[in-house]
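Here is the structure we will look at.
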Amino acid sequence: MKVIDLRSDTITMPTEEMRQAMYKAEVGDDVYVEDPTINLLEEKSAAMLGKEAALFTVSGTMSNLIAVLAHTRPGDEIILGNEAHMLVAEVGGASALGGVIMRNIPNEIDGRLELSLVEQTIREENIHYPRTTLLCIENTQNRCGGTVLTAEYTVAVADLAHRHGLMVHLDGARIFNAAVALGVPAKRLVEPVDSVSFCLSKGLSAPVGSLLCGSGRFINSARKWRKMLGGGMRQAGVIAAAGIVAIEKMVDRLAEDHANAKMLAIGLSQIPGIVIYPDRIQTNIVLFEPPTGVTPQEFSMRMETSQILAKPYGGRRIRAVLNRMVSGEDIKETLERVGQIVRESA
Ligand SMILES: *Cc1c(COP(=O)(O)O)cnc(C)c1O
């Protein structure tokens, strides 16, 4: 039986074109800013997102951490959603290494942070209080099921933060999924924020890396923080080369993953007992609940026995992430096998 891996879009393998580009990449010492391939990837990324400059980092986690380090001081408070990847899934790095308090407010079901709640959470000046200096938002919002933040919302929340003197960082690990889903250029979605990170190694299928983008001054500071964290690499143009292919060739095809996600969601909704709201599926992430009486852990294990990999995702949820390695045929196969599991569990 074929293994269908829906655990994450991080499982995507580099394309043949990426491997060719990696093989041929011109390289240099990037700590001296002398790797032409990395410099090109950084220039292209900054241009695509409408920012002055960009920095190639090892991972989304490192980009987000560097953003916190560059925007804040130890003892500051930052505001983010209770479902934020930076809060839930980055090992507490912002607090452990950045010394900041992570103050969280509930994400709305569609991934937004309610404006009035953000405003109430920003601290005024008081001798007893830490300074609130940074707001972090996430687009697409992973744990809310890959939901998108619109350009209009991003302007509104960033304006609010800026009025109160906060900087705004956008965790845009999947910003191109949001851009494709909304049919707008990614630069429009990040225009109001001070910094944005995005991942090359998820749906875009590159093997390694993330970009942090912002003003020239911010990126100079970020470059120094990256060095401190041990993220200054040398002839890393061999991996950046795949990143260039990723941003130039792999963005438009994300629409296929979104279509497959919809197909999977609609199919799952037709299996009696499975709880899912296909209308809420906006990009490549599908959250669903198994029939009552079976725990998500059990259900995920039964799926694994049928060679379908998808992980429990908090509460009763299971997460399936569509990606380039999963075809329309695989979705049909998935639905058949899941239908079988449900019939056998009844
Ligand atoms: C994957 C992810 C990250 C972190 O990226 P890594 O490269 O895995 O460190 C950050 N934010 C979100 C929303 C993600 O999905």
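Numbering starts fresh at 1 for the residues of each chain in the structure tokens, the chains themselves are lettered A, B, ... in the order given, and ligands are numbered from 1 as they appear.
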
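Near ligand 1, at a distance of at most 7 Å and with only C-alpha atoms and all ligand atoms counted, sit the residues Ser59, Gly60, Thr61, Met62, His85, Met86, Glu138, Thr140, Gln141, Asn142, Asp171, Gly172, Ala173, Arg174, Cys199, Ser201, Gly209 and Ser210 of chain A.
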
- request: Identify, on the basis of only C-alpha atoms, every residue whose closest approach to Ser195 of chain A does not exceed 9 Å; exclude the query and any residue fewer than 2 positions from it along the same chain; express the result as a PyMOL selection string.
  value: chain A and resi 51+67+167-171+190+193+197+212-215+218

Now that the selection is made, can you save its residues with all heavy atoms as a CSV table (one decimal), in the first residue's frame?
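Heads up, here's the output in part_32.csv:
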chain,number,residue,atom,x,y,z
A,51,LYS,N,10.1,44.9,0.6
A,51,LYS,CA,10.9,45.4,1.8
A,51,LYS,C,12.3,45.8,1.3
A,51,LYS,O,12.7,45.3,0.2
A,51,LYS,CB,11.0,44.3,2.9
A,51,LYS,CG,9.7,43.9,3.5
A,51,LYS,CD,9.0,45.0,4.2
A,51,LYS,CE,7.6,44.6,4.8
A,51,LYS,NZ,6.8,45.7,5.2
A,67,ALA,N,13.8,38.2,14.8
A,67,ALA,CA,12.9,39.3,14.8
A,67,ALA,C,12.6,39.8,16.2
A,67,ALA,O,12.7,41.0,16.5
A,67,ALA,CB,11.6,39.0,14.1
A,167,MET,N,6.1,47.8,17.4
A,167,MET,CA,6.5,47.2,16.1
A,167,MET,C,5.6,46.0,15.8
A,167,MET,O,5.0,45.5,16.7
A,167,MET,CB,8.0,46.8,16.1
A,167,MET,CG,9.0,47.9,16.5
A,167,MET,SD,8.9,49.2,15.3
A,167,MET,CE,10.4,48.8,14.3
A,168,VAL,N,5.6,45.7,14.5
A,168,VAL,CA,4.8,44.5,14.1
A,168,VAL,C,5.6,43.5,13.3
A,168,VAL,O,6.2,43.9,12.4
A,168,VAL,CB,3.6,45.0,13.3
A,168,VAL,CG1,2.7,43.8,12.9
A,168,VAL,CG2,2.7,46.0,14.0
A,169,HIS,N,5.6,42.3,13.8
A,169,HIS,CA,6.3,41.2,13.1
A,169,HIS,C,5.2,40.2,12.6
A,169,HIS,O,4.3,39.8,13.3
A,169,HIS,CB,7.3,40.5,14.0
A,169,HIS,CG,7.9,39.3,13.3
A,169,HIS,ND1,8.7,39.3,12.2
A,169,HIS,CD2,7.7,37.9,13.6
A,169,HIS,CE1,9.0,38.1,11.9
A,169,HIS,NE2,8.5,37.2,12.7
A,170,LEU,N,5.4,39.8,11.4
A,170,LEU,CA,4.4,38.9,10.8
A,170,LEU,C,5.2,37.5,10.6
A,170,LEU,O,6.2,37.5,9.8
A,170,LEU,CB,3.9,39.4,9.4
A,170,LEU,CG,3.1,38.4,8.6
A,170,LEU,CD1,1.9,37.9,9.3
A,170,LEU,CD2,2.8,39.0,7.2
A,171,ASP,N,4.7,36.5,11.2
A,171,ASP,CA,5.2,35.1,11.0
A,171,ASP,C,4.5,34.7,9.7
A,171,ASP,O,3.3,34.2,9.8
A,171,ASP,CB,4.9,34.2,12.2
A,171,ASP,CG,5.3,32.8,11.9
A,171,ASP,OD1,5.7,32.5,10.8
A,171,ASP,OD2,5.2,32.0,12.8
A,190,VAL,N,2.0,42.2,3.3
A,190,VAL,CA,3.0,42.5,4.4
A,190,VAL,C,3.4,43.9,4.4
A,190,VAL,O,4.2,44.4,5.2
A,190,VAL,CB,4.3,41.6,4.1
A,190,VAL,CG1,3.9,40.1,3.9
A,190,VAL,CG2,5.1,42.1,2.9
A,193,VAL,N,3.6,45.8,7.8
A,193,VAL,CA,4.3,45.3,9.0
A,193,VAL,C,5.8,45.7,8.9
A,193,VAL,O,6.3,46.0,7.8
A,193,VAL,CB,4.2,43.7,9.1
A,193,VAL,CG1,2.8,43.3,9.2
A,193,VAL,CG2,4.9,43.0,7.9
A,197,SER,N,8.7,37.0,8.2
A,197,SER,CA,9.5,35.9,7.9
A,197,SER,C,8.7,34.9,7.0
A,197,SER,O,7.5,34.9,7.1
A,197,SER,CB,9.9,35.1,9.2
A,197,SER,OG,8.8,34.8,9.9
A,212,LEU,N,14.0,36.4,6.4
A,212,LEU,CA,13.5,37.5,7.3
A,212,LEU,C,13.7,38.8,6.5
A,212,LEU,O,14.8,39.1,6.0
A,212,LEU,CB,14.3,37.5,8.6
A,212,LEU,CG,13.9,38.6,9.6
A,212,LEU,CD1,12.4,38.4,10.1
A,212,LEU,CD2,14.8,38.5,10.8
A,213,CYS,N,12.6,39.5,6.4
A,213,CYS,CA,12.6,40.7,5.5
A,213,CYS,C,12.2,42.0,6.4
A,213,CYS,O,11.3,41.8,7.2
A,213,CYS,CB,11.7,40.6,4.3
A,213,CYS,SG,11.9,39.1,3.4
A,214,GLY,N,12.7,43.1,6.0
A,214,GLY,CA,12.4,44.3,6.7
A,214,GLY,C,13.2,45.5,6.2
A,214,GLY,O,13.8,45.4,5.1
A,215,SER,N,13.3,46.5,7.0
A,215,SER,CA,14.1,47.7,6.6
A,215,SER,C,15.6,47.3,6.5
A,215,SER,O,16.0,46.4,7.2
A,215,SER,CB,13.9,48.9,7.5
A,215,SER,OG,14.5,48.6,8.8
A,218,PHE,N,17.0,47.3,10.1
A,218,PHE,CA,16.5,46.1,10.8
A,218,PHE,C,17.3,44.9,10.4
A,218,PHE,O,17.8,44.1,11.2
A,218,PHE,CB,15.0,45.9,10.6
A,218,PHE,CG,14.5,44.6,11.1
A,218,PHE,CD1,14.3,44.4,12.4
A,218,PHE,CD2,14.3,43.5,10.2
A,218,PHE,CE1,13.8,43.2,12.9
A,218,PHE,CE2,13.9,42.3,10.7
A,218,PHE,CZ,13.6,42.1,12.0

message: Taking 4 positions as the minimum chain separation for residues in the same chain, which residues sit within 6 Å of Pro74 of chain A when counting only C-alpha atoms? Answer as a list in words.
response: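 These residues fall inside the cut-off: Gly98, Gly99 and Val100 of chain A.
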
message: Residues of segment 44-108 of chain A classed as strand (DSSP E) by DSSP on the backbone are to be reported as an NGL selection string.
response: :A and (53-57 or 77-81 or 101-105)

- request: Just list the residues in segment 203-309 of chain A DSSP gives alpha helix (DSSP H) on the backbone, as a count of residues only.
  value: 52

Counting only C-alpha atoms, what are the residues of segment 127-195 of chain A within 12 Å of segment 260-277 of chain A, and for each of them which pair of atoms is the nearest and at what distance in Å, to one decimal? Sort the table by chain and rising number, as a tab-separated table.
residue	atom	partner	partner_atom	distance
A:Gly145	CA	A:Tyr277	CA	10.8
A:Gly146	CA	A:Ala261	CA	10.5
A:Ala181	CA	A:Lys262	CA	11.9

- prompt: Within 9 Å of Pro36 of chain A, counting only C-alpha atoms, which residues qualify if same-chain residues fewer than 6 places away don't, as a VMD selection string?
  reply: chain A and resid 25 to 28 30 237

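Non-sequential neighbours of Ala21 of chain A (distance at most 12 Å, separation of 6 or more positions within a chain, only C-alpha atoms) are A:Pro14, A:Thr15, A:Val27, A:Thr37, A:Ala206, A:Gly237, A:Val238, A:Ile239, A:Ala240, A:Ala241, A:Ala242, A:Gly243, A:Ile244, A:Val245, A:Ala246.
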
Hey, can you spit out that residue selection with C-alpha atoms as a short mmCIF file (atom, residue, chain, number, x, y, z; two decimals), in the first residue's frame?
data_model
loop_
_atom_site.label_atom_id
_atom_site.label_comp_id
_atom_site.auth_asym_id
_atom_site.auth_seq_id
_atom_site.Cartn_x
_atom_site.Cartn_y
_atom_site.Cartn_z
CA PRO A 14 13.49 19.41 -3.66
CA THR A 15 12.58 19.37 -7.36
CA VAL A 27 29.18 30.36 -3.74
CA THR A 37 23.63 33.09 -4.61
CA ALA A 206 13.10 23.79 -0.94
CA GLY A 237 24.63 29.31 -1.64
CA VAL A 238 24.31 25.58 -2.35
CA ILE A 239 21.06 25.61 -0.36
CA ALA A 240 20.01 29.17 -1.25
CA ALA A 241 20.03 28.14 -4.93
CA ALA A 242 17.06 25.87 -4.26
CA GLY A 243 15.38 28.78 -2.51
CA ILE A 244 15.59 30.91 -5.64
CA VAL A 245 13.82 28.18 -7.61
CA ALA A 246 11.28 27.97 -4.78
#

field: Contacts of Leu117 of chain A within 12 Å, only C-alpha atoms, excl. fewer than 2 positions in-chain, as a ChimeraX atom specification
entry: /A:79-81,103-108,112-115,119-123,157,160-161

message: Would you pick out the contacts of Arg317 of chain A at 7 Å or less, using only C-alpha atoms, so that residues sharing its chain but fewer than 5 positions from it are not included, and give the list as a list in words?
response: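 In the requested form, the answer reads Leu287, Phe288, Glu289, Pro296 and Pro312 of chain A.
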
Against segment 8-12 of chain A, which residues of segment 185-253 of chain A fall within 6 Å? For each one I want the closest pair of atoms and the distance in Å (one decimal), counting only C-alpha atoms, rows by chain and increasing residue number, as JSON lines.
{"residue": "A:Ser201", "atom": "CA", "partner": "A:Thr10", "partner_atom": "CA", "distance": 5.9}
{"residue": "A:Lys202", "atom": "CA", "partner": "A:Thr10", "partner_atom": "CA", "distance": 4.3}
{"residue": "A:Gly203", "atom": "CA", "partner": "A:Asp9", "partner_atom": "CA", "distance": 5.2}
{"residue": "A:Ser205", "atom": "CA", "partner": "A:Thr12", "partner_atom": "CA", "distance": 5.0}

message: My list of candidates is A:His164, A:Arg73, A:Arg343, A:Lys249. Which is closest to Leu204 of chain A when distances are computed with only C-alpha atoms?
response: A:Lys249

query: Between A:Met48, A:Ile38, A:Ala84, A:Leu211, which one has atoms that come closest to Met22 of chain A, using only C-alpha atoms?
result: A:Ile38
